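Printed here is model_16.cif (mmCIF, C-alpha atoms):
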data_target
#
loop_
_atom_site.label_atom_id
_atom_site.label_comp_id
_atom_site.auth_asym_id
_atom_site.auth_seq_id
_atom_site.Cartn_x
_atom_site.Cartn_y
_atom_site.Cartn_z
CA SER W 1 0.00 0.00 0.00
CA GLY W 2 1.21 3.48 -0.86
CA ALA W 3 4.50 2.61 -2.51
CA GLY W 4 5.55 6.29 -2.61
CA ILE W 5 3.73 7.71 0.45
CA PHE W 6 1.70 5.81 3.06
CA SER W 7 0.00 7.73 5.88
CA THR W 8 -2.63 6.58 8.37
CA SER W 9 -2.66 9.47 10.84
CA CYS W 10 -1.83 13.13 10.67
CA PHE W 11 -2.08 16.48 12.43
CA GLY W 12 -3.18 18.35 9.33
CA PRO W 13 -3.42 18.01 5.56
CA THR W 14 -0.47 16.69 3.59
CA SER W 15 0.80 18.76 0.66
CA VAL W 16 2.56 17.30 -2.36
CA LYS W 17 3.93 19.91 -4.76
CA ASP W 18 6.09 19.79 -7.88
CA SER W 19 6.68 16.05 -7.49
CA LEU W 20 7.10 13.05 -9.77
CA PHE W 21 5.66 9.64 -8.86
CA GLU W 22 6.74 7.15 -11.50
CA ASN W 23 6.85 3.33 -11.67
CA ASN W 24 5.71 2.74 -8.07
CA ASN W 25 4.12 -0.63 -7.35
CA ALA W 26 1.88 -1.34 -4.35
CA THR W 27 1.95 -5.13 -4.36
CA ALA W 28 0.06 -5.59 -1.08
CA GLY W 29 -2.88 -3.24 -1.53
CA PRO W 30 -4.13 0.14 -2.74
CA GLY W 31 -2.40 3.33 -3.85
CA GLY W 32 0.41 2.72 -6.30
CA ALA W 33 1.94 6.13 -5.52
CA ILE W 34 0.06 7.44 -2.45
CA THR W 35 -2.24 5.92 0.19
CA LYS W 36 -3.86 8.30 2.69
CA ILE W 37 -6.18 7.08 5.43
CA SER W 38 -8.18 9.67 7.40
CA CYS W 39 -5.90 12.51 6.24
CA SER W 40 -6.60 15.22 3.68
CA LEU W 41 -4.28 15.58 0.70
CA LEU W 42 -3.39 18.53 -1.53
CA VAL W 43 -1.59 17.72 -4.79
CA GLU W 44 -0.27 20.54 -6.99
CA ASN W 45 1.79 20.55 -10.19
CA SER W 46 2.76 16.90 -9.87
CA THR W 47 2.99 13.98 -12.29
CA PHE W 48 1.78 10.42 -11.67
CA SER W 49 2.94 8.01 -14.34
CA ASN W 50 2.98 4.20 -14.64
CA ASN W 51 2.04 3.50 -11.01
CA VAL W 52 0.33 0.19 -10.19
CA ALA W 53 -1.78 -1.03 -7.26
CA ASP W 54 -2.90 -4.61 -6.72
CA SER W 55 -6.35 -3.60 -5.48
CA TYR W 56 -7.43 -0.01 -6.30
CA GLY W 57 -6.06 3.51 -6.75
CA GLY W 58 -3.28 3.08 -9.30
CA ALA W 59 -2.03 6.58 -8.52
CA ILE W 60 -3.82 7.66 -5.31
CA ALA W 61 -6.00 5.78 -2.82
CA MET W 62 -7.95 7.61 -0.11
CA ALA W 63 -9.98 6.07 2.71
CA ASP W 64 -11.89 7.18 5.77
CA ARG W 65 -11.52 5.69 9.22
CA LEU W 66 -13.27 5.55 12.57
CA THR W 67 -11.59 7.54 15.33
CA ARG W 68 -10.22 5.57 18.27
CA ASP W 69 -12.51 6.91 21.01
CA SER W 70 -15.83 7.12 19.21
CA ASN W 71 -17.84 6.08 16.23
CA TYR W 72 -16.98 9.33 14.42
CA LEU W 73 -15.97 8.63 10.84
CA THR W 74 -13.23 10.87 9.46
CA THR W 75 -13.54 11.51 5.74
CA PRO W 76 -10.46 13.08 4.15
CA ASP W 77 -10.55 15.73 1.43
CA LEU W 78 -8.60 15.41 -1.80
CA PHE W 79 -7.60 18.52 -3.76
CA ILE W 80 -5.72 18.19 -7.07
CA GLY W 81 -4.60 21.06 -9.30
CA GLY W 82 -2.28 21.39 -12.27
CA SER W 83 -1.25 17.75 -12.17
CA ARG W 84 -0.86 15.04 -14.81
CA PHE W 85 -1.95 11.39 -14.58
CA ALA W 86 -0.92 8.84 -17.21
CA ASN W 87 -0.96 5.02 -17.44
CA ASN W 88 -1.75 4.35 -13.76
CA ARG W 89 -3.59 1.15 -13.01
#

For the file at hand, write its structure as C-alpha cells.
Amino acid sequence: SGAGIFSTSCFGPTSVKDSLFENNNATAGPGGAITKISCSLLVENSTFSNNVADSYGGAIAMADRLTRDSNYLTTPDLFIGGSRFANNR
C-alpha cells in the first residue's frame, strides 16, 4: 500500500507539490503512488505516471476511518490542481 507515500494518521493536511511519482508498485494493496487514510491531501503541479496497485487507486488511494474513542468517521478531502496522470492502473 502506498509505494511512494503511506500515511494513516496526521495532524493536518499533507501537501505534495512539484513532485514526480513514477513506476511505483503497491503489491500488497491500494495506492500505487500514495495511500492516505483519514488525512486530507493537496496535490499541486505533480505527475503520476505508470504507477500500479494490486487492489485499487493506481495513482492515489484515499480512505476514511473511525476515530479511536468514538464512532466518528473521518472523511479526508482530496484537492488536485495542475497535475498530470498517465498510465496508472

Where does the PyMOL selection byres ((chain W and resi 23) around 8) land in this file, that is, which residues does it pick, as an NGL selection string?
:W and (21-22 or 24-25 or 49-52)

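One finds CA of Lys17 in chain W at 14.5 Å from CA of Ile60 in chain W.
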
Given the PyMOL selection byres ((chain W and resi 6) around 9), the residues it picks as a ChimeraX atom specification:
/W:1-5,7-8,31,33-37

Which residue is closest to Thr47 in chain W? Choose from W:Ala63, W:Ala86, W:Ala28, W:Cys10 and count only C-alpha atoms.
W:Ala86

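Relative to CA of Tyr56 in chain W, CA of Leu20 in chain W is found at 19.8 Å.
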
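Atom to atom, CA of Phe85 in chain W and CA of Gly29 in chain W stand 19.6 Å apart.
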
Given the PyMOL selection byres ((chain W and resi 45) around 8), the residues it picks as a count of residues only:
11

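Minimum atom-to-atom distances from W:Ser55, W:Leu42, W:Gly32, W:Thr75 to Asn88 in chain W were compared using only C-alpha atoms, and the lowest value belongs to W:Gly32.
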
Min atom-atom distance to Ala59 in chain W from the set W:Asn87, W:Thr27, W:Val16, W:Ser9, counting only C-alpha atoms, belongs to W:Asn87

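Shortest atom-to-atom contact with Cys39 in chain W among W:Gly12, W:Ala61, W:Ile80, W:Ala26: W:Gly12, counting all atoms listed in the file.
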
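For the set W:Arg89, W:Ser38, W:Phe79, W:Pro30, the residue with the smallest atom-to-atom gap to Ser15 in chain W is W:Phe79, counting all atoms listed in the file.
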